[in-house]
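Take a look at the structure set out below.
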Amino acid sequence: MLLFLAIGEASVNIYTPLLLVAELISSAAFAYLTVLFIRVCKRVRLESVMLYTIFITFLLLSQICAALSIVVPSARLATALYIASSSLALAGFIALLSPFRGTGELYIFLPLLITSPDILAGVFSTLLIVKRVRGRTRHFLSILSASYYIRGLGALLTAFQGTFLVLLVSEAVRACAAVLLALHHTAQVLVYGKEEEG
Amino acid sequence: MAKRKRDRLSILFDILKALSEEPQNPTKLATLVNMPYDRLKKILDELVEKGLLQYEDQGRVRIYGLSQEGLRVYEELKRIRKVLQDYGLLD
């Protein structure tokens, strides 16, 4: 029994470094491919090469996030990086699933794929607002959160009805909310600096 | 079944491949890469503008060849060709 436990513990101790080595090897290989494709992309300026360059760049970023998620000590940061790794990979796969190249089915699945991160961003920002956020930040973040729901709806409506209006409105709302939130936090930082000087 | 139209990258690859073997005039090149002369002429002008091709006028005939940059791009395209083919981005 003790021997079994010792083997189990040794396996766990070996697992993390091996996983990290694997992540670093793939990151290095993807980095090499990214540099090569960026170089070719700059010279030939063709859509197919550009799409692959975007795809491989997102995969590289995804691998870097995955590698970092292993080494960071904070569980919360590791979770954020873990989610970033899958989101970045998703963005890369969507780049290659361009509707210009595929069959009619893509017109149905692609909007759903594009919508899902928006809806998730909306849900999690709402959770954050309800559970944590205070002050004016709550208002600005609420607008930003709402814009993600509208954006998800807009992506679906654009795909199925061909109307860009909701998408355009949501992008405008999101951009305004982002500006308000960014300026609000910048102002907080600047005021803090002045208070310190005073 | 109808044959799929060649994408621009495949056309570029075919042109660079033909010219890497021997400089050509547009008429002969059109036959080699299997495309209409008018369309090929436009692409050749674009490639000259991008610095991938160079030409030399021999009397009334214009002979196109690869520039140093074009040769580099052709070598790099050969390296990445298999990857692009695997993803259906190149014929």
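We label chains A, B, ... in the order they appear in the structure tokens, count residues from 1 in each chain, and number ligands from 1 in the order shown.
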Please return, as a list in words, all residues of chain B lying within 10 Å of chain A when only C-alpha atoms are considered.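 Per the criterion, chain B yields Asp7, Arg8, Leu9, Leu12, Leu47, Lys50, Gly51, Leu52, Glu69, Gly70, Arg72, Val73, Tyr74, Glu76, Leu77, Arg79, Ile80, Val83, Leu84, Tyr87, Gly88, Leu89 and Leu90 of chain B.
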Using only N, CA and C atoms, please write the residues we just selected to a file, as a short mmCIF file (atom, residue, chain, number, x, y, z; two decimals), in the first residue's frame.
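Written output follows (result.cif):
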data_model
loop_
_atom_site.label_atom_id
_atom_site.label_comp_id
_atom_site.auth_asym_id
_atom_site.auth_seq_id
_atom_site.Cartn_x
_atom_site.Cartn_y
_atom_site.Cartn_z
N ASP B 7 -7.15 28.57 -56.19
CA ASP B 7 -7.07 29.80 -55.41
C ASP B 7 -5.82 30.58 -55.79
N ARG B 8 -5.75 31.81 -55.33
CA ARG B 8 -4.66 32.71 -55.74
C ARG B 8 -3.29 32.20 -55.28
N LEU B 9 -3.28 31.55 -54.11
CA LEU B 9 -2.00 31.05 -53.60
C LEU B 9 -1.46 29.94 -54.50
N LEU B 12 -0.15 31.57 -57.60
CA LEU B 12 1.14 32.19 -57.31
C LEU B 12 2.25 31.13 -57.25
N LEU B 47 2.86 41.06 -59.26
CA LEU B 47 4.05 40.43 -58.67
C LEU B 47 5.31 41.26 -58.90
N LYS B 50 5.09 43.92 -56.34
CA LYS B 50 5.46 43.41 -55.01
C LYS B 50 6.95 43.08 -54.91
N GLY B 51 7.63 43.14 -56.03
CA GLY B 51 9.08 42.89 -56.03
C GLY B 51 9.46 41.43 -56.11
N LEU B 52 8.47 40.57 -56.45
CA LEU B 52 8.77 39.14 -56.53
C LEU B 52 9.29 38.73 -57.90
N GLU B 69 14.07 38.34 -54.16
CA GLU B 69 12.96 38.27 -53.20
C GLU B 69 11.98 37.16 -53.60
N GLY B 70 11.69 37.10 -54.91
CA GLY B 70 10.78 36.08 -55.42
C GLY B 70 11.30 34.67 -55.17
N ARG B 72 13.32 33.83 -52.75
CA ARG B 72 13.20 33.57 -51.30
C ARG B 72 11.78 33.15 -50.96
N VAL B 73 10.79 33.90 -51.53
CA VAL B 73 9.38 33.59 -51.24
C VAL B 73 9.04 32.20 -51.76
N TYR B 74 9.54 31.84 -52.94
CA TYR B 74 9.27 30.52 -53.50
C TYR B 74 9.83 29.42 -52.58
N GLU B 76 10.35 29.67 -49.40
CA GLU B 76 9.55 29.62 -48.16
C GLU B 76 8.18 28.99 -48.41
N LEU B 77 7.60 29.30 -49.58
CA LEU B 77 6.30 28.69 -49.91
C LEU B 77 6.43 27.17 -50.05
N ARG B 79 8.43 25.38 -48.35
CA ARG B 79 8.54 24.85 -46.98
C ARG B 79 7.17 24.77 -46.29
N ILE B 80 6.32 25.78 -46.57
CA ILE B 80 5.03 25.81 -45.84
C ILE B 80 3.91 25.15 -46.64
N VAL B 83 1.93 22.22 -45.06
CA VAL B 83 1.07 22.66 -43.95
C VAL B 83 -0.21 23.25 -44.52
N LEU B 84 -0.08 24.14 -45.51
CA LEU B 84 -1.25 24.79 -46.09
C LEU B 84 -2.16 23.77 -46.79
N TYR B 87 -4.46 21.91 -44.43
CA TYR B 87 -5.61 22.67 -43.95
C TYR B 87 -6.55 23.08 -45.09
N GLY B 88 -6.28 22.59 -46.29
CA GLY B 88 -7.13 22.89 -47.44
C GLY B 88 -6.98 24.31 -47.93
N LEU B 89 -5.85 24.96 -47.58
CA LEU B 89 -5.64 26.34 -48.00
C LEU B 89 -4.85 26.41 -49.31
N LEU B 90 -4.35 25.27 -49.74
CA LEU B 90 -3.58 25.22 -50.99
C LEU B 90 -3.90 23.90 -51.68
#
If we count only C-alpha atoms, what is near range 71-88 of chain A at a cut-off of 12 Å, once residues fewer than 2 positions away on the same chain are taken out, given as a count of residues only? 36
If we count only C-alpha atoms and set the cut-off at 9 Å, which residues sit around Tyr55 in chain B, ignoring sequence neighbours fewer than 6 positions away in its own chain? Please answer as a list in words.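 Contacts, with the query itself left out: Pro23, Val48, Arg62, Ile63, Tyr64, Gly65, Leu66 and Ser67 of chain B.
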Print the selection's residues with N, CA and C atoms to a file, as a short mmCIF file (atom, residue, chain, number, x, y, z; two decimals), in the first residue's frame.
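Saved result, part17.cif, follows:
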data_model
loop_
_atom_site.label_atom_id
_atom_site.label_comp_id
_atom_site.auth_asym_id
_atom_site.auth_seq_id
_atom_site.Cartn_x
_atom_site.Cartn_y
_atom_site.Cartn_z
N PRO B 23 13.30 31.54 -66.94
CA PRO B 23 12.54 32.75 -67.25
C PRO B 23 11.68 32.52 -68.50
N VAL B 48 5.34 41.95 -60.04
CA VAL B 48 6.47 42.86 -60.30
C VAL B 48 6.41 44.01 -59.29
N ARG B 62 8.67 40.45 -73.71
CA ARG B 62 9.08 40.70 -72.32
C ARG B 62 9.30 39.36 -71.63
N ILE B 63 10.49 39.19 -71.08
CA ILE B 63 10.81 37.92 -70.41
C ILE B 63 10.78 38.14 -68.89
N TYR B 64 9.95 37.34 -68.22
CA TYR B 64 9.81 37.45 -66.76
C TYR B 64 10.67 36.41 -66.05
N GLY B 65 11.26 36.82 -64.96
CA GLY B 65 12.03 35.88 -64.14
C GLY B 65 11.85 36.22 -62.66
N LEU B 66 12.33 35.35 -61.80
CA LEU B 66 12.20 35.60 -60.35
C LEU B 66 13.27 36.59 -59.90
N SER B 67 12.87 37.51 -59.03
CA SER B 67 13.86 38.38 -58.39
C SER B 67 14.45 37.60 -57.21
#
Counting only C-alpha atoms, which of B:Thr27, B:Asn34, B:Leu16, B:Glu75 gets nearest to Leu53 in chain B?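 Closest candidate: B:Leu16.
Distances to Gln58 in chain B were evaluated for B:Asn25, B:Thr31, B:Ser10, B:Ser20 using only C-alpha atoms, and the minimum falls at B:Asn25.
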Spatial neighbours of range 183-185 of chain A, max dist 12 Å, only C-alpha atoms, sep filter under 4 positions, as a list in words: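 The neighbour list is Gly135, Arg136, Thr137, Arg138, His139, Phe140, Leu141, Cys176, Ala177, Ala178, Val179, Val189, Leu190, Val191 and Tyr192 of chain A.
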Keeping only C-alpha atoms, write the selected residues to a file as a PDB file, in the first residue's frame.
ATOM      1  CA  GLY A 135     -19.515  52.454  -6.784  1.00  0.00           C
ATOM      2  CA  ARG A 136     -19.706  53.996 -10.232  1.00  0.00           C
ATOM      3  CA  THR A 137     -17.713  51.088 -11.629  1.00  0.00           C
ATOM      4  CA  ARG A 138     -20.893  49.043 -11.188  1.00  0.00           C
ATOM      5  CA  HIS A 139     -22.766  51.288 -13.677  1.00  0.00           C
ATOM      6  CA  PHE A 140     -20.015  51.284 -16.297  1.00  0.00           C
ATOM      7  CA  LEU A 141     -19.443  47.554 -15.997  1.00  0.00           C
ATOM      8  CA  CYS A 176     -18.654  53.595 -25.191  1.00  0.00           C
ATOM      9  CA  ALA A 177     -18.810  51.419 -22.058  1.00  0.00           C
ATOM     10  CA  ALA A 178     -15.150  50.489 -22.465  1.00  0.00           C
ATOM     11  CA  VAL A 179     -14.200  54.168 -22.829  1.00  0.00           C
ATOM     12  CA  VAL A 189      -5.722  56.623 -10.445  1.00  0.00           C
ATOM     13  CA  LEU A 190      -5.020  60.281 -11.246  1.00  0.00           C
ATOM     14  CA  VAL A 191      -7.079  61.548  -8.295  1.00  0.00           C
ATOM     15  CA  TYR A 192      -5.246  59.120  -6.036  1.00  0.00           C
TER      16      TYR A 192
END
Just to confirm, what's the straight-line distance from CA of Ile129 in chain A to CA of Leu165 in chain A in Å (one decimal)?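 Going from CA of Ile129 in chain A over to CA of Leu165 in chain A, I get 27.4 Å.
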Tell me, which residues of chain B carry DSSP helix (DSSP H, G or I), written as an mmCIF file with N, CA and C atoms, in the first residue's frame?
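And here is the file that came out, states-v8.cif:
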data_model
loop_
_atom_site.group_PDB
_atom_site.id
_atom_site.type_symbol
_atom_site.label_atom_id
_atom_site.label_comp_id
_atom_site.auth_asym_id
_atom_site.auth_seq_id
_atom_site.Cartn_x
_atom_site.Cartn_y
_atom_site.Cartn_z
ATOM 1 N N ARG B 8 -5.747 31.810 -55.332
ATOM 2 C CA ARG B 8 -4.657 32.709 -55.735
ATOM 3 C C ARG B 8 -3.287 32.200 -55.284
ATOM 4 N N LEU B 9 -3.284 31.552 -54.107
ATOM 5 C CA LEU B 9 -2.005 31.054 -53.602
ATOM 6 C C LEU B 9 -1.462 29.940 -54.505
ATOM 7 N N SER B 10 -2.360 29.060 -54.968
ATOM 8 C CA SER B 10 -1.934 27.981 -55.871
ATOM 9 C C SER B 10 -1.419 28.561 -57.179
ATOM 10 N N ILE B 11 -2.116 29.585 -57.676
ATOM 11 C CA ILE B 11 -1.683 30.224 -58.927
ATOM 12 C C ILE B 11 -0.300 30.849 -58.730
ATOM 13 N N LEU B 12 -0.150 31.567 -57.604
ATOM 14 C CA LEU B 12 1.144 32.192 -57.306
ATOM 15 C C LEU B 12 2.247 31.130 -57.254
ATOM 16 N N PHE B 13 1.931 30.024 -56.558
ATOM 17 C CA PHE B 13 2.924 28.958 -56.421
ATOM 18 C C PHE B 13 3.315 28.405 -57.802
ATOM 19 N N ASP B 14 2.307 28.174 -58.659
ATOM 20 C CA ASP B 14 2.582 27.636 -60.005
ATOM 21 C C ASP B 14 3.438 28.598 -60.827
ATOM 22 N N ILE B 15 3.144 29.904 -60.723
ATOM 23 C CA ILE B 15 3.921 30.900 -61.476
ATOM 24 C C ILE B 15 5.370 30.924 -60.997
ATOM 25 N N LEU B 16 5.534 30.971 -59.656
ATOM 26 C CA LEU B 16 6.894 31.022 -59.099
ATOM 27 C C LEU B 16 7.672 29.750 -59.454
ATOM 28 N N LYS B 17 6.967 28.623 -59.422
ATOM 29 C CA LYS B 17 7.623 27.333 -59.744
ATOM 30 C C LYS B 17 8.097 27.338 -61.200
ATOM 31 N N ALA B 18 7.220 27.757 -62.102
ATOM 32 C CA ALA B 18 7.583 27.773 -63.531
ATOM 33 C C ALA B 18 8.765 28.707 -63.775
ATOM 34 N N LEU B 19 8.733 29.879 -63.138
ATOM 35 C CA LEU B 19 9.798 30.853 -63.378
ATOM 36 C C LEU B 19 11.104 30.488 -62.660
ATOM 37 N N SER B 20 10.982 29.669 -61.610
ATOM 38 C CA SER B 20 12.218 29.249 -60.919
ATOM 39 C C SER B 20 13.014 28.288 -61.803
ATOM 40 N N GLU B 21 12.305 27.599 -62.686
ATOM 41 C CA GLU B 21 12.991 26.654 -63.577
ATOM 42 C C GLU B 21 13.646 27.379 -64.745
ATOM 43 N N PRO B 26 5.215 35.843 -71.301
ATOM 44 C CA PRO B 26 3.871 35.610 -70.762
ATOM 45 C C PRO B 26 3.062 34.567 -71.539
ATOM 46 N N THR B 27 3.239 34.509 -72.854
ATOM 47 C CA THR B 27 2.450 33.557 -73.651
ATOM 48 C C THR B 27 2.803 32.110 -73.262
ATOM 49 N N LYS B 28 4.105 31.847 -73.176
ATOM 50 C CA LYS B 28 4.550 30.489 -72.820
ATOM 51 C C LYS B 28 4.156 30.186 -71.362
ATOM 52 N N LEU B 29 4.313 31.194 -70.517
ATOM 53 C CA LEU B 29 3.989 31.020 -69.098
ATOM 54 C C LEU B 29 2.497 30.712 -68.907
ATOM 55 N N ALA B 30 1.650 31.391 -69.703
ATOM 56 C CA ALA B 30 0.200 31.155 -69.627
ATOM 57 C C ALA B 30 -0.111 29.688 -69.912
ATOM 58 N N THR B 31 0.619 29.110 -70.848
ATOM 59 C CA THR B 31 0.420 27.688 -71.170
ATOM 60 C C THR B 31 0.917 26.811 -70.017
ATOM 61 N N LEU B 32 2.081 27.188 -69.498
ATOM 62 C CA LEU B 32 2.677 26.375 -68.428
ATOM 63 C C LEU B 32 1.815 26.348 -67.162
ATOM 64 N N TYR B 37 -4.195 34.409 -70.819
ATOM 65 C CA TYR B 37 -3.107 35.385 -70.919
ATOM 66 C C TYR B 37 -3.453 36.691 -70.172
ATOM 67 N N ASP B 38 -4.675 37.209 -70.396
ATOM 68 C CA ASP B 38 -5.062 38.506 -69.795
ATOM 69 C C ASP B 38 -4.985 38.468 -68.263
ATOM 70 N N ARG B 39 -5.505 37.363 -67.716
ATOM 71 C CA ARG B 39 -5.511 37.223 -66.256
ATOM 72 C C ARG B 39 -4.082 37.092 -65.734
ATOM 73 N N LEU B 40 -3.302 36.314 -66.444
ATOM 74 C CA LEU B 40 -1.911 36.111 -66.041
ATOM 75 C C LEU B 40 -1.139 37.433 -66.076
ATOM 76 N N LYS B 41 -1.398 38.235 -67.111
ATOM 77 C CA LYS B 41 -0.669 39.505 -67.279
ATOM 78 C C LYS B 41 -0.905 40.416 -66.064
ATOM 79 N N LYS B 42 -2.174 40.441 -65.603
ATOM 80 C CA LYS B 42 -2.503 41.263 -64.417
ATOM 81 C C LYS B 42 -1.731 40.783 -63.194
ATOM 82 N N ILE B 43 -1.707 39.453 -63.020
ATOM 83 C CA ILE B 43 -1.002 38.882 -61.859
ATOM 84 C C ILE B 43 0.497 39.174 -61.959
ATOM 85 N N LEU B 44 1.045 39.061 -63.153
ATOM 86 C CA LEU B 44 2.483 39.330 -63.334
ATOM 87 C C LEU B 44 2.801 40.785 -62.966
ATOM 88 N N ASP B 45 1.924 41.708 -63.386
ATOM 89 C CA ASP B 45 2.131 43.127 -63.037
ATOM 90 C C ASP B 45 2.129 43.316 -61.511
ATOM 91 N N GLU B 46 1.163 42.621 -60.845
ATOM 92 C CA GLU B 46 1.090 42.700 -59.368
ATOM 93 C C GLU B 46 2.369 42.171 -58.727
ATOM 94 N N LEU B 47 2.862 41.057 -59.260
ATOM 95 C CA LEU B 47 4.052 40.428 -58.671
ATOM 96 C C LEU B 47 5.308 41.261 -58.903
ATOM 97 N N VAL B 48 5.343 41.951 -60.042
ATOM 98 C CA VAL B 48 6.469 42.860 -60.300
ATOM 99 C C VAL B 48 6.406 44.009 -59.286
ATOM 100 N N GLU B 49 5.175 44.497 -59.069
ATOM 101 C CA GLU B 49 4.973 45.603 -58.110
ATOM 102 C C GLU B 49 5.377 45.187 -56.689
ATOM 103 N N GLN B 68 15.447 38.163 -56.556
ATOM 104 C CA GLN B 68 16.016 37.501 -55.367
ATOM 105 C C GLN B 68 14.919 37.286 -54.324
ATOM 106 N N GLU B 69 14.075 38.340 -54.156
ATOM 107 C CA GLU B 69 12.964 38.270 -53.203
ATOM 108 C C GLU B 69 11.976 37.164 -53.601
ATOM 109 N N GLY B 70 11.694 37.097 -54.906
ATOM 110 C CA GLY B 70 10.780 36.077 -55.421
ATOM 111 C C GLY B 70 11.304 34.673 -55.173
ATOM 112 N N LEU B 71 12.606 34.509 -55.336
ATOM 113 C CA LEU B 71 13.231 33.202 -55.111
ATOM 114 C C LEU B 71 13.113 32.810 -53.634
ATOM 115 N N ARG B 72 13.319 33.829 -52.755
ATOM 116 C CA ARG B 72 13.201 33.570 -51.304
ATOM 117 C C ARG B 72 11.777 33.148 -50.956
ATOM 118 N N VAL B 73 10.789 33.904 -51.527
ATOM 119 C CA VAL B 73 9.380 33.594 -51.243
ATOM 120 C C VAL B 73 9.039 32.195 -51.757
ATOM 121 N N TYR B 74 9.537 31.844 -52.940
ATOM 122 C CA TYR B 74 9.266 30.515 -53.504
ATOM 123 C C TYR B 74 9.828 29.423 -52.582
ATOM 124 N N GLU B 75 11.045 29.644 -52.098
ATOM 125 C CA GLU B 75 11.650 28.654 -51.185
ATOM 126 C C GLU B 75 10.817 28.525 -49.913
ATOM 127 N N GLU B 76 10.347 29.667 -49.400
ATOM 128 C CA GLU B 76 9.548 29.619 -48.162
ATOM 129 C C GLU B 76 8.182 28.991 -48.413
ATOM 130 N N LEU B 77 7.596 29.296 -49.582
ATOM 131 C CA LEU B 77 6.297 28.687 -49.914
ATOM 132 C C LEU B 77 6.426 27.175 -50.052
ATOM 133 N N LYS B 78 7.562 26.716 -50.574
ATOM 134 C CA LYS B 78 7.781 25.262 -50.689
ATOM 135 C C LYS B 78 7.814 24.628 -49.300
ATOM 136 N N ARG B 79 8.428 25.376 -48.353
ATOM 137 C CA ARG B 79 8.538 24.848 -46.979
ATOM 138 C C ARG B 79 7.175 24.766 -46.294
ATOM 139 N N ILE B 80 6.320 25.779 -46.565
ATOM 140 C CA ILE B 80 5.031 25.813 -45.842
ATOM 141 C C ILE B 80 3.905 25.151 -46.640
ATOM 142 N N ARG B 81 4.238 24.699 -47.854
ATOM 143 C CA ARG B 81 3.216 24.162 -48.751
ATOM 144 C C ARG B 81 2.413 23.014 -48.131
ATOM 145 N N LYS B 82 3.142 22.065 -47.550
ATOM 146 C CA LYS B 82 2.495 20.868 -47.005
ATOM 147 C C LYS B 82 1.513 21.254 -45.889
ATOM 148 N N VAL B 83 1.934 22.224 -45.059
ATOM 149 C CA VAL B 83 1.074 22.664 -43.952
ATOM 150 C C VAL B 83 -0.213 23.249 -44.518
ATOM 151 N N LEU B 84 -0.079 24.136 -45.511
ATOM 152 C CA LEU B 84 -1.251 24.788 -46.088
ATOM 153 C C LEU B 84 -2.156 23.773 -46.793
ATOM 154 N N GLN B 85 -1.543 22.780 -47.430
ATOM 155 C CA GLN B 85 -2.338 21.744 -48.104
ATOM 156 C C GLN B 85 -3.145 20.939 -47.089
ATOM 157 N N ASP B 86 -2.534 20.649 -45.965
ATOM 158 C CA ASP B 86 -3.209 19.865 -44.933
ATOM 159 C C ASP B 86 -4.461 20.571 -44.414
#
Selection near Thr163 in chain A, 9 Å with only C-alpha atoms, sequence-local residues under 5 positions removed, as a ChimeraX atom specification: /A:154,157-158
I'd like the interatomic distance between CA of Phe164 in chain A and CA of Leu97 in chain A, to a tenth of an Å. 20.9 Å
Which value, in Å to one decimal, gives the distance between CA of Leu181 in chain A and CA of Phe124 in chain A?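 Taking CA of Leu181 in chain A as the start and CA of Phe124 in chain A as the end point, the length is 16.8 Å.
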